[in-house]
Every structure is written in C-alpha cells, then in structure tokens.
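**Student:** Below is a structure I'd like to ask you about.
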Amino acid sequence: MRGTKRFRLARPVAAALGAVLLVGGLAACGNSDTGGAAADDGKITLGFSQVGAESGWRTANTTSVKEAAAAADIELKFDDAQQKQENQIKAIRNFIQQKVDVIAFSPVVESGWDTVLKEAKDADIPVILTDRAVDSADKTLYKTFLGSDFVKEGRLSGEWLLEQTKSATGPVNIVELQGTTGSAPANDRKKGFAEAIAANPNLSIVASQSGDFTRAGGKQVMEQFLKANPKIDVLFAHNDDMGLGALEAITAAGKVPGKDIIIITIDAVRDGMQALADGKFNFIAECSPLLGPQLMDLAKKVHAGETVPPRIETEETTFTQEQAKEALPNRKY
C-alpha cells in the first residue's frame with residue numbers, strides 16, 4: 001500500500017470522517033507517515049548506509065551514489081558507519097523505523113547481518129547489497145548484490161605476477177597488505193591471489209596483515225614488514241590507498257618502489273593510477289566505485305516488485321604502467 005493517495009469526498013461529515021479514517025489506516029501500511037519516507041508524491045526514499053570514508057575509492061563511491069540519487073529524483077537518506085558494524089546495524093534499524101522504500105548498504109564485514117536483515121524483510125522493505133557481500137545462508141534476506149568480483153580481482157593480480165616471474169629460479173617473497181579483517185573484499189582478494197600464485201611454487205607469501213584499507217595502515221604495516229623481512233620482492237595490497245601508504249615506507253627504507261619491490265594493488269583510483277603511470281606501482285586490477293546509476297535503477301525495480309538478478313557485476317579491467325598513462329587524462333575518479 002505504499003504511496004496511497006489521500007483524496008477529498010464531497011459527503012456528509014460522518015461519511016467523510018469514515019473515509020478519511022479508512023484511507024489513513026491504509027496509508028499507515030505504507031510511507032505516508034512523518035518519518036521522512038516517500039509520501040503522497042510517489043517519490044522513492046532510499047536509505048543508504050556507507051562503510052565510511054577510509055579511501056579514495058570510498059569517497060568516489062559516495063559521490064556516485066549521491067549524484068545518481070539526485071539525478072533519478074530519489075530521496076536519499078545517507079549514513080556513514082565510520083567502519084563500524086554496530087553503527088551500520090543501527091542505521092538500518094533507523095531506516096526501517098522511518099519506513100523507507102528501499103534499503104541499500106555496503107557491509108563493513110561479511111558476518112552478523114541475519115537479524116537486522118530479517119527485521120527489514122518482516123517490514124517488507126527490500127534490501128540491496130552494494131560493493132560488499134554478506135555470508136547469510138538465507139538469500140531471501142536481500143534482493144540482489146551489486147558490485148565487483150573480488151576473487152577475480154585477486155586472481156587477475158596473481159596471474160599477472162605469475163607471468164612476470166615465470167623465469168624466476170629462486171624464491172619470490174611476497175608480502176600482503178590485507179583489507180579490513182572479515183570484509184568481503186579482503187577475504188576474496190586474498191583467496192583469488194593465493195589460488196593464482198599456487199601455480200608457481202617459487203612464489204610464497206612471507207607476511208600478511210591487515211592495513212584496514214587506509215594509507216596510514218598501509219604505511220605502518222609495511223614498515224613492520226620491512227623490518228621483519230630483509231628480502232621482499234613483491235607487495236600485494238588489497239587497495240590503492242594501502243599501496244600508496246606503503247610507498248612512503250618503502251622509500252624511507254632506501255628502496256625504489258616499482259623496481260626493488262614490485263607493487264600490485266586493486267582499485268585504480270586516480271592517485272593509484274598516477275603512481276602506476278609514474279612507475280611506482282607495477283599493476284592495478286580495477287574495482288569501479290561508480291555504482292550510483294545502477295543502484296538507483298535497481299532501487300526503482302525492486303520497489304516496483306520487479307524480479308532482478310541475484311548478482312549484478314560491474315564491468316572492470318586491469319592496468320599496466322603504459323595503460324595507466326593512456327587512461328589517466330579521462331579518469332573520472
């Protein structure tokens with residue numbers, strides 16, 4: 001009964017009062033209350049909970065969502081979870097209380113969502129997962145997932161390294177900067193990369209630790225790696241920002257990034273692409289943050305009760321140093 005319109009009856013007062021009470025009761029099942037959801041104009045209200053602002057990628061993703069909502073004439077209720085699951089769960093419950101039409105969120109971590117997702121389902125509010133997935137066994141708790149294939153990103157990174165090191169006769173020591181512990185991109189990128197490099201027994205990960213997807217974290221952990229491991233041949237960072245932080249640590253240690261240590265990252269945000277074009281990075285697997293237009297299209301479809309695919313992947317590519325130079329002038333983020 002969402003969007004039920006009020007109307008005026010030219011009837012006696014008693015009849016009019018009964019009609020108003022009836023319509024009011026029907027509207028209470030929908031979104032015509034004062035909680036801020038879509039009212040009588042039929043405008044869709046989308047509650048969106050963002051992970052935070054931990055990286056250039058995340059900032060670009062937030063901008064895409066906000067701009068796309070405005071362009072699609074969708075009322076956006078935006079929440080920044082500051083990388084805390086408890087904040088995100090609270091935000092989703094607030095969206096449910098406000099009776100928004102659709103809820104979308106990028107989960108901070110994969111686990112622990114079943115209870116709040118069940119609450120949304122019981123309230124008849126469709127949920128869309130963006131960028132990151134959840135590990136809920138009950139797939140009816142959300143309508144669809146919109147985002148990247150993180151395992152593929154890790155695998156592409158590993159396959160590039162396999163090709164570059166195929167002539168190596170001795171051990172190739174790799175250190176890994178993982179994303180936020182328990183998050184889908186950290187879990188999946190690690191898995192894809194490990195599966196790929198397993199094809200060459202000379203390649204081995206000698207240290208792996210979370211840098212929490214931040215530049216500061218990347219720098220700090222890379223400093224630890226350099227002190228504990230006298231010979232590092234390759235750095236695999238789960239995102240550009242950690243790789244950019246690691247650059248500072250590598251340079252401070254008297255090594256040349258991109259030469260003394262091969263650097264592979266994921267995302268392809270502008271700063272990362274610049275580092276690649278400058279020869280400081282060696283390879284980037286793209287993860288596009290520009291999900292806003294697709295998200296708004298999905299929000300309209302699920303609100304209308306249309307069936308959508310359970311998983312929708314974004315189109316992405318990879319970049320070498322030369323390809324980064326070509327792509328940078330027209331890069332949107």
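Residue numbering restarts at 1 in every chain; chains get A, B, ... in the order shown in the structure tokens, and ligands count up from 1 in that same order.
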Could you give me, as a tab-separated table, a per-residue list for range 60-96 of chain A showing, wherever an atom lies at most 6 Å from an atom of range 45-50 of chain A, the closest pair of atoms and their distance in Å to one decimal, using only C-alpha atoms and sorting by chain then residue number from low to high?
**Tutor:**
```
residue	atom	partner	partner_atom	distance
A:Ile74	CA	A:Thr45	CA	5.9
A:Glu75	CA	A:Thr45	CA	4.6
A:Leu76	CA	A:Leu46	CA	5.0
A:Lys77	CA	A:Gly47	CA	4.7
A:Phe78	CA	A:Phe48	CA	5.0
A:Asp79	CA	A:Ser49	CA	4.7
A:Asp80	CA	A:Gln50	CA	5.0
A:Ala81	CA	A:Gln50	CA	6.0
A:Phe95	CA	A:Gly47	CA	5.9
```
**Student:** Create the file for the chosen residues now, containing C-alpha atoms and written as an mmCIF file, in the first residue's frame.
**Tutor:**
```cif
data_model
loop_
_atom_site.group_PDB
_atom_site.id
_atom_site.type_symbol
_atom_site.label_atom_id
_atom_site.label_comp_id
_atom_site.auth_asym_id
_atom_site.auth_seq_id
_atom_site.Cartn_x
_atom_site.Cartn_y
_atom_site.Cartn_z
ATOM 1 C CA ILE A 74 15.144 9.563 -5.392
ATOM 2 C CA GLU A 75 15.167 10.870 -1.833
ATOM 3 C CA LEU A 76 18.407 9.631 -0.268
ATOM 4 C CA LYS A 77 18.872 9.113 3.449
ATOM 5 C CA PHE A 78 22.631 8.700 3.780
ATOM 6 C CA ASP A 79 24.521 7.309 6.772
ATOM 7 C CA ASP A 80 28.273 6.980 7.332
ATOM 8 C CA ALA A 81 29.020 3.944 9.522
ATOM 9 C CA PHE A 95 15.697 3.217 8.103
#
```
**Student:** Between CA of Glu86 in chain A and CA of Met222 in chain A, what is the spacing in Å?
**Tutor:**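 Value for the CA of Met222 in chain A-CA of Glu86 in chain A distance: 29.1 Å.
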**Student:** Residues within 6 Å of Phe283 in chain A, please, as a compact mmCIF listing (two decimals) with N, CA and C atoms, in the first residue's frame. Count only C-alpha atoms; anything in the same chain fewer than 4 positions from it doesn't count.
**Tutor:**
```txt
# COMPACT_ATOMS: atom_id res chain seq x y z
N ILE A 264 51.69 -4.46 -6.58
CA ILE A 264 50.41 -4.79 -7.21
C ILE A 264 49.30 -4.30 -6.28
N PHE A 319 45.19 -2.63 -15.41
CA PHE A 319 46.07 -1.61 -15.98
C PHE A 319 47.54 -1.93 -15.72
N THR A 320 48.33 -1.78 -16.77
CA THR A 320 49.79 -1.78 -16.65
C THR A 320 50.24 -0.33 -16.60
```
**Student:** Which residues are near Pro201 in chain A? Cut-off 10 Å, only C-alpha atoms, ignore same chain within fewer than 4 positions. Put them as a list of chain:residue names.
**Tutor:** A:Gly170, A:Pro171, A:Val172, A:Ile197
**Student:** Export, as a compact mmCIF listing (two decimals), in the first residue's frame, the selected residues with all heavy atoms.
**Tutor:**
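And here's result.txt as it stands now:
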```
# COMPACT_ATOMS: atom_id res chain seq x y z
N GLY A 170 64.63 -18.92 -8.26
CA GLY A 170 64.69 -18.95 -6.79
C GLY A 170 63.40 -18.45 -6.18
O GLY A 170 62.44 -18.12 -6.90
N PRO A 171 63.34 -18.37 -4.87
CA PRO A 171 62.11 -17.93 -4.19
C PRO A 171 61.78 -16.47 -4.46
O PRO A 171 62.68 -15.62 -4.56
CB PRO A 171 62.43 -18.17 -2.71
CG PRO A 171 63.92 -18.16 -2.63
CD PRO A 171 64.41 -18.74 -3.92
N VAL A 172 60.49 -16.20 -4.61
CA VAL A 172 59.98 -14.84 -4.75
C VAL A 172 59.15 -14.55 -3.51
O VAL A 172 58.10 -15.16 -3.30
CB VAL A 172 59.12 -14.70 -6.03
CG1 VAL A 172 58.53 -13.29 -6.10
CG2 VAL A 172 59.94 -15.00 -7.28
N ILE A 197 48.72 -17.75 -7.51
CA ILE A 197 50.17 -17.91 -7.38
C ILE A 197 50.56 -19.33 -6.97
O ILE A 197 51.74 -19.70 -7.05
CB ILE A 197 50.77 -16.89 -6.37
CG1 ILE A 197 50.27 -17.16 -4.95
CG2 ILE A 197 50.47 -15.47 -6.82
CD1 ILE A 197 50.99 -16.34 -3.89
```
**Student:** List the neighbours of Ser106 in chain A out to 8 Å using only C-alpha atoms; skip same-chain residues closer than 6 positions along the sequence, and give me the result as a PyMOL selection string.
**Tutor:** chain A and resi 49-51+129-133
**Student:** Interatomic distance between CA of Arg270 in chain A and CA of Ala246 in chain A?
**Tutor:** 16.6 Å
**Student:** Report as a PyMOL selection string: the residues of range 195-282 of chain A with a DSSP assignment of alpha helix (DSSP H), based on the backbone of this structure.
**Tutor:** chain A and resi 195-197+215-228+240-252+270-277
**Student:** Do you know which residues are at most 9 Å from range 203-212 of chain A counting only C-alpha atoms, after dropping those on the same chain fewer than 6 positions away, and could you put them as a PyMOL selection string?
**Tutor:** chain A and resi 54+162+165+170-181+186+194+197+218-222+225+229+232+237-238+242
**Student:** DSSP on the backbone, then: every residue of range 146-316 of chain A marked strand (DSSP E), written as a PyMOL selection string.
**Tutor:** chain A and resi 146-147+172-178+203-210+234-237+262-267+283-286+311-313
**Student:** Which polymer residues have any atom within 8 Å of an atom of Pro289 in chain A, counting only C-alpha atoms, with same-chain residues fewer than 2 positions away left out, as a list in words?
**Tutor:** Trp57, Arg58, Ala60, Asn61, Ser64, Cys287 and Leu291 of chain A
**Student:** Could you save the residues just selected, with C-alpha atoms, as a PDB file, in the first residue's frame?
**Tutor:**
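Result written to part.pdb:
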```pdb
ATOM      1  CA  TRP A  57      37.611   4.667  -3.674  1.00  0.00           C
ATOM      2  CA  ARG A  58      35.007   5.007  -0.931  1.00  0.00           C
ATOM      3  CA  ALA A  60      34.209   8.330  -5.122  1.00  0.00           C
ATOM      4  CA  ASN A  61      31.567   5.680  -4.388  1.00  0.00           C
ATOM      5  CA  SER A  64      28.416   8.487  -7.245  1.00  0.00           C
ATOM      6  CA  CYS A 287      37.363  -2.039  -8.949  1.00  0.00           C
ATOM      7  CA  LEU A 291      27.800   2.176  -8.794  1.00  0.00           C
TER       8      LEU A 291
END
```
**Student:** Do you have the CA of Asp149 in chain A-CA of Tyr333 in chain A distance handy?
**Tutor:**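 So the two atoms, CA of Asp149 in chain A and CA of Tyr333 in chain A, lie 19.7 Å apart.
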